[in-house]
>>> print(open('coords.txt').read())   # compact mmCIF, C-alpha atoms and all ligand atoms
# COMPACT_ATOMS: atom_id res chain seq x y z
CA MET V 244 26.58 11.91 14.76
CA SER V 245 22.90 11.05 14.95
CA VAL V 246 21.16 9.29 17.77
CA ILE V 247 18.14 7.03 18.10
CA LYS V 248 16.63 7.12 21.61
CA CYS V 249 13.74 5.49 23.34
CA ASN V 250 11.05 7.78 24.72
CA CYS V 251 12.34 7.54 28.32
CA GLU V 252 15.86 8.20 26.99
CA LYS V 253 17.49 5.35 28.90
CA CYS V 254 18.45 3.66 25.62
CA LYS V 255 20.53 5.42 23.00
CA ILE V 256 22.06 4.22 19.76
CA PHE V 257 24.62 6.58 18.22
CA LEU V 258 25.11 6.13 14.49
CA ASN V 259 28.28 6.53 12.49
CA LYS V 260 26.26 7.70 9.46
CA ASN V 261 23.39 10.21 9.44
CA LYS V 262 22.07 9.14 6.07
CA ILE V 263 18.58 7.72 5.69
CA TYR V 264 18.72 5.49 2.62
CA TYR V 265 15.00 5.37 1.94
CA SER V 266 11.61 5.37 3.55
CA LEU V 267 8.56 3.16 3.03
CA PHE V 268 5.04 2.88 4.30
CA CYS V 269 4.38 -0.67 5.49
CA GLY V 270 0.92 -2.16 5.84
CA CYS V 271 2.12 -5.59 6.96
CA GLU V 272 0.68 -7.46 9.90
CA ASP V 273 3.98 -7.84 11.70
CA CYS V 274 4.96 -4.16 11.77
CA ARG V 275 1.46 -3.42 13.05
CA GLN V 276 1.43 -6.19 15.65
CA ALA V 277 4.88 -5.25 16.98
CA GLY V 278 3.78 -1.63 17.41
CA GLN V 279 0.51 -2.66 19.03
CA TRP V 280 2.27 -5.04 21.41
CA GLY V 281 4.65 -2.26 22.50
CA TYR V 282 1.68 0.03 23.02
CA SER V 283 -0.07 -2.63 25.12
CA LYS V 284 3.00 -2.63 27.39
CA GLY V 285 2.87 1.17 27.83
CA GLY V 286 4.82 2.13 24.73
CA PRO V 287 4.11 4.79 22.10
CA LEU V 288 0.92 4.69 20.05
CA PRO V 289 1.76 3.50 16.52
CA ASP V 290 0.35 5.17 13.41
CA ARG V 291 -2.13 3.00 11.54
CA LEU V 292 0.04 3.05 8.45
CA GLN V 293 3.60 3.13 9.72
CA LYS V 294 6.43 5.05 8.09
CA LEU V 295 9.70 3.13 8.12
CA ILE V 296 13.19 4.51 7.57
CA TYR V 297 16.43 2.67 6.90
CA VAL V 298 19.89 3.59 8.19
CA ARG V 299 23.28 1.96 7.90
CA SER V 300 23.99 -0.86 10.35
CA ASP V 301 27.02 0.89 11.82
CA ILE V 302 26.72 1.89 15.46
CA LYS V 303 29.34 4.10 17.03
CA ASP V 304 28.18 3.76 20.60
CA VAL V 305 25.25 2.67 22.74
CA GLU V 306 23.96 3.78 26.11
CA GLY V 307 21.57 1.91 28.39
CA ILE V 308 22.23 -1.53 26.94
CA LYS V 309 20.85 -3.06 30.17
CA TYR V 310 17.44 -1.55 29.36
CA MET V 311 17.39 -3.02 25.85
CA HIS V 312 15.64 -6.29 25.10
CA ALA V 313 15.33 -8.15 21.81
CA TYR V 314 12.01 -9.71 20.83
CA GLN V 315 10.57 -11.75 17.99
CA LEU V 316 6.85 -12.10 17.38
CA ARG V 317 7.05 -15.86 16.78
CA ASN V 318 9.50 -18.72 16.49
CA ASN V 319 11.63 -18.40 13.36
CA SER V 320 10.54 -14.79 12.79
CA SER V 321 12.50 -12.98 10.10
CA SER V 322 12.51 -9.78 12.13
CA THR V 323 14.09 -9.04 15.49
CA ARG V 324 13.20 -5.83 17.29
CA ILE V 325 14.99 -4.10 20.14
CA TYR V 326 12.59 -2.49 22.60
CA CYS V 327 13.34 -0.47 25.71
CA LYS V 328 12.03 -2.60 28.54
CA GLU V 329 11.09 0.48 30.56
CA CYS V 330 9.11 2.48 27.98
CA TYR V 331 8.59 -0.08 25.16
CA SER V 332 9.79 2.19 22.40
CA ILE V 333 11.25 0.21 19.49
CA ILE V 334 14.74 1.53 18.80
CA GLY V 335 15.63 -0.68 15.85
CA ILE V 336 14.49 -3.58 13.72
CA ASP V 337 16.50 -6.19 11.87
CA HIS V 338 15.11 -8.37 9.10
CA ILE V 339 17.10 -11.18 7.52
CA ASN V 340 16.69 -9.50 4.12
CA TYR V 341 18.58 -6.43 5.35
CA LYS V 342 21.71 -8.62 5.56
CA ASP V 343 22.98 -6.39 8.38
CA ILE V 344 23.82 -3.66 5.84
CA VAL V 345 20.98 -1.48 7.10
CA PHE V 346 18.50 -1.64 9.92
CA MET V 347 15.05 -0.14 10.14
CA LEU V 348 13.32 2.15 12.55
CA ILE V 349 9.84 3.56 12.89
CA PRO V 350 10.25 7.22 13.89
CA LYS V 351 6.79 7.32 15.53
CA LEU V 352 7.88 4.63 18.00
CA CYS V 353 11.15 6.22 19.20
CA LYS V 354 13.00 9.53 19.16
CA THR V 355 15.72 10.56 16.77
CA ASP V 356 17.51 13.63 15.48
CA LEU V 357 17.80 12.13 12.00
CA ASP V 358 16.29 14.31 9.27
CA LEU V 359 12.81 12.82 8.98
CA SER V 360 11.69 14.97 6.05
CA ILE V 361 12.40 12.05 3.70
CA LYS V 362 9.23 10.89 1.91
CA PRO V 363 8.29 7.23 1.53
CA VAL V 364 8.88 6.00 -2.03
CA ALA V 365 6.46 3.09 -1.80
CA ALA V 366 3.67 1.63 0.30
CA ILE V 367 4.17 -2.12 0.65
CA PHE V 368 2.03 -5.03 1.83
CA MET V 369 -1.10 -2.94 1.43
CA ASN V 370 -3.26 -6.06 1.06
CA ASP V 371 -2.64 -6.61 4.77
CA TYR V 372 -3.61 -3.07 5.74
CA PRO V 373 -7.05 -3.34 7.35
CA TYR V 374 -8.11 0.30 7.46
CA LYS V 375 -9.91 2.34 4.80
CA ASP V 376 -7.92 5.53 5.20
CA ILE V 377 -5.02 5.75 2.74
CA SER V 378 -5.04 9.55 2.48
CA MET V 379 -1.43 9.68 3.72
CA ILE V 380 -0.27 7.94 0.53
CA SER V 381 0.17 10.56 -2.19
CA ASP V 382 -0.08 9.70 -5.90
CA ASP V 383 3.68 9.68 -6.43
CA VAL V 384 4.13 6.82 -3.93
CA LEU V 385 4.30 3.37 -5.56
CA PHE V 386 1.45 1.24 -4.18
CA LEU V 387 2.10 -2.50 -3.71
CA LYS V 388 -0.69 -4.76 -2.56
CA ASP V 389 1.76 -7.64 -2.27
CA PHE V 390 4.84 -8.83 -4.10
CA LYS V 391 2.95 -11.04 -6.55
CA ASP V 392 2.58 -8.74 -9.57
CA GLU V 393 5.68 -8.94 -11.74
CA ASN V 394 5.13 -5.54 -13.35
CA ILE V 395 4.82 -3.75 -10.05
CA ASN V 396 7.74 -5.73 -8.61
CA ASN V 397 9.90 -4.57 -11.50
CA LYS V 398 8.87 -0.99 -10.88
CA TYR V 399 9.63 -1.41 -7.20
CA ASN V 400 13.08 -2.87 -7.86
CA ALA V 401 13.90 -0.12 -10.35
CA LEU V 402 12.89 2.45 -7.76
CA MET V 403 14.76 0.82 -4.89
CA SER V 404 18.00 -0.38 -6.46
CA PRO V 405 19.67 3.07 -6.64
CA LEU V 406 18.59 3.75 -3.05
CA ARG V 407 19.84 0.55 -1.45
CA ALA V 408 23.00 0.71 0.64
CA LYS V 409 25.98 -1.32 -0.47
CA TYR V 410 27.88 -3.37 2.05
CA LEU V 411 30.67 -1.57 3.86
CA LYS V 412 32.43 -2.97 6.88
CA PRO V 413 30.98 -1.06 9.83
CA ARG V 414 33.35 1.23 11.69
CA GLY V 415 31.52 0.43 14.90
CA ILE V 416 29.30 -2.53 15.74
CA SER V 417 26.49 -3.67 13.48
CA PHE V 418 22.86 -3.84 14.55
CA LYS V 419 22.98 -7.66 14.50
CA GLN V 420 25.95 -7.53 16.87
CA LEU V 421 23.95 -5.25 19.16
CA ILE V 422 21.10 -7.80 19.16
CA LYS V 423 23.60 -10.42 20.34
CA GLU V 424 24.72 -8.18 23.19
CA VAL V 425 21.30 -7.25 24.56
CA GLU V 426 18.99 -9.40 26.65
CA GLY V 427 16.77 -11.80 24.71
CA ILE V 428 15.83 -12.91 22.16
CA THR V 429 12.41 -13.42 23.76
CA VAL V 430 9.84 -15.01 21.46
CA LEU V 431 6.38 -13.54 22.10
CA ASN V 432 4.40 -16.30 20.34
CA LEU V 433 1.74 -13.87 19.15
CA LYS V 434 -0.75 -15.27 16.70
CA LYS V 435 0.04 -14.16 13.17
CA GLY V 436 -2.10 -11.22 12.12
CA GLU V 437 -3.90 -10.96 15.43
CA GLU V 438 -4.70 -7.36 16.26
CA ILE V 439 -4.10 -5.97 19.73
CA LEU V 440 -6.75 -3.33 20.29
CA LEU V 441 -5.67 0.29 20.29
CA PRO V 442 -7.81 3.08 21.76
ZN ZN X 501 12.95 3.75 27.35
ZN ZN X 502 6.06 -4.29 7.78
>>> encode(input="coords.txt", output="structure tokens")
Amino acid sequence: MSVIKCNCEKCKIFLNKNKIYYSLFCGCEDCRQAGQWGYSKGGPLPDRLQKLIYVRSDIKDVEGIKYMHAYQLRNNSSSTRIYCKECYSIIGIDHINYKDIVFMLIPKLCKTDLDLSIKPVAAIFMNDYPYKDISMISDDVLFLKDFKDENINNKYNALMSPLRAKYLKPRGISFKQLIKEVEGITVLNLKKGEEILLP
């Protein structure tokens, strides 16, 4: 049974399944802003290009629910993130497109005993990535500037479809259910794309 913990270890999410379905690099503004906001509150320093991993939305148990708080960047955000309100680690992220089958985490922004050796299969939203350094993206990683090129989209879908999790009724609670049980959802009203300075 794997665990996702915040850095101060007050918050713990125990998973029913240890499997990581896939990993991506994400250059989008929102992943970056959410990491920067956490850092500005005393949380972990995000990587410039963040590595995301996806696990099944099936939670066996949680600890420290009173330290968890759900946030959205703006009104009607598609993503909801659970932070620890003591250490501002992000311990899980829901997006409406995940349909509560999986949820996402950013290993750099929390702690986990999941096997993190999995390599990202694609780098997405790279048009929104403001830095020059892309040396972390090896040649075998599919590079998507946006989702506007049909050819690349087809390649991406072909790559992803065998990796995507199919719906199974969770044995425990789902990540969306956890969001309902924690404090929040607080809307931060951050300006879209606005960078919060890192050191
Ligand atoms: Zn914490
Ligand atoms: Zn993103």
>>> closest_residue(input="coords.txt", among="V:Arg407, V:Lys328, V:Lys284, V:Arg291", to="ligand ZN 502 (chain X)", atoms="all atoms listed in the file")
V:Arg291
>>> closest_residue(input="coords.txt", among="V:Tyr331, V:Phe346, V:Tyr297, V:Tyr314", to="ligand ZN 501 (chain X)", atoms="only C-alpha atoms and all ligand atoms")
V:Tyr331
>>> residues_near_ligand(input="coords.txt", ligand="ligand ZN 502 (chain X)", cutoff="6 Å", atoms="all atoms listed in the file", output="ChimeraX atom specification")
/V:269-271,273-274
>>> residues_around(input="coords.txt", residues="stretch 355-363 of chain V", least_positions_apart="6", cutoff="12 Å", atoms="only C-alpha atoms", output="PyMOL selection string")
chain V and resi 244-250+252+254-269+292-298+332-335+348-349+379-386+402-403+406
>>> atom_distance(input="coords.txt", atom1="atom CA of V:Lys391", atom2="atom CA of V:Glu272")
17.0 Å
>>> closest_residue(input="coords.txt", among="V:Gly427, V:Gly415, V:Pro289, V:Gly281", to="ligand ZN 501 (chain X)", atoms="only C-alpha atoms and all ligand atoms")
V:Gly281
>>> axis_aligned_box(input="coords.txt", around="stretch 314-325 of chain V", padding_each_side="4 Å", output="AutoDock Vina command-line options")
--center_x 10.9 --center_y -11.4 --center_z 15.5 --size_x 16.1 --size_y 22.6 --size_z 18.7
>>> residues_near_point(input="coords.txt", point="(22.5, -4.2, 9.2)", cutoff="8 Å", atoms="only C-alpha atoms", output="ChimeraX atom specification")
/V:299-301,337,341-346,417-419
>>> closest_residue(input="coords.txt", among="V:Ile308, V:Leu316, V:Met369, V:Ile302", to="V:Ile416", atoms="all atoms listed in the file")
V:Ile302
>>> atom_distance(input="coords.txt", atom1="atom CA of V:Ile422", atom2="atom CA of V:Ala313")
6.4 Å
>>> atom_distance(input="coords.txt", atom1="atom CA of V:Met311", atom2="atom CA of V:Cys327")
4.8 Å
>>> closest_residue(input="coords.txt", among="V:Glu424, V:Gly285, V:Ser321, V:Gly436", to="V:Tyr372", atoms="all atoms listed in the file")
V:Gly436
>>> closest_residue(input="coords.txt", among="V:Phe368, V:Tyr326, V:Tyr374, V:Phe390", to="ligand ZN 501 (chain X)", atoms="all atoms listed in the file")
V:Tyr326
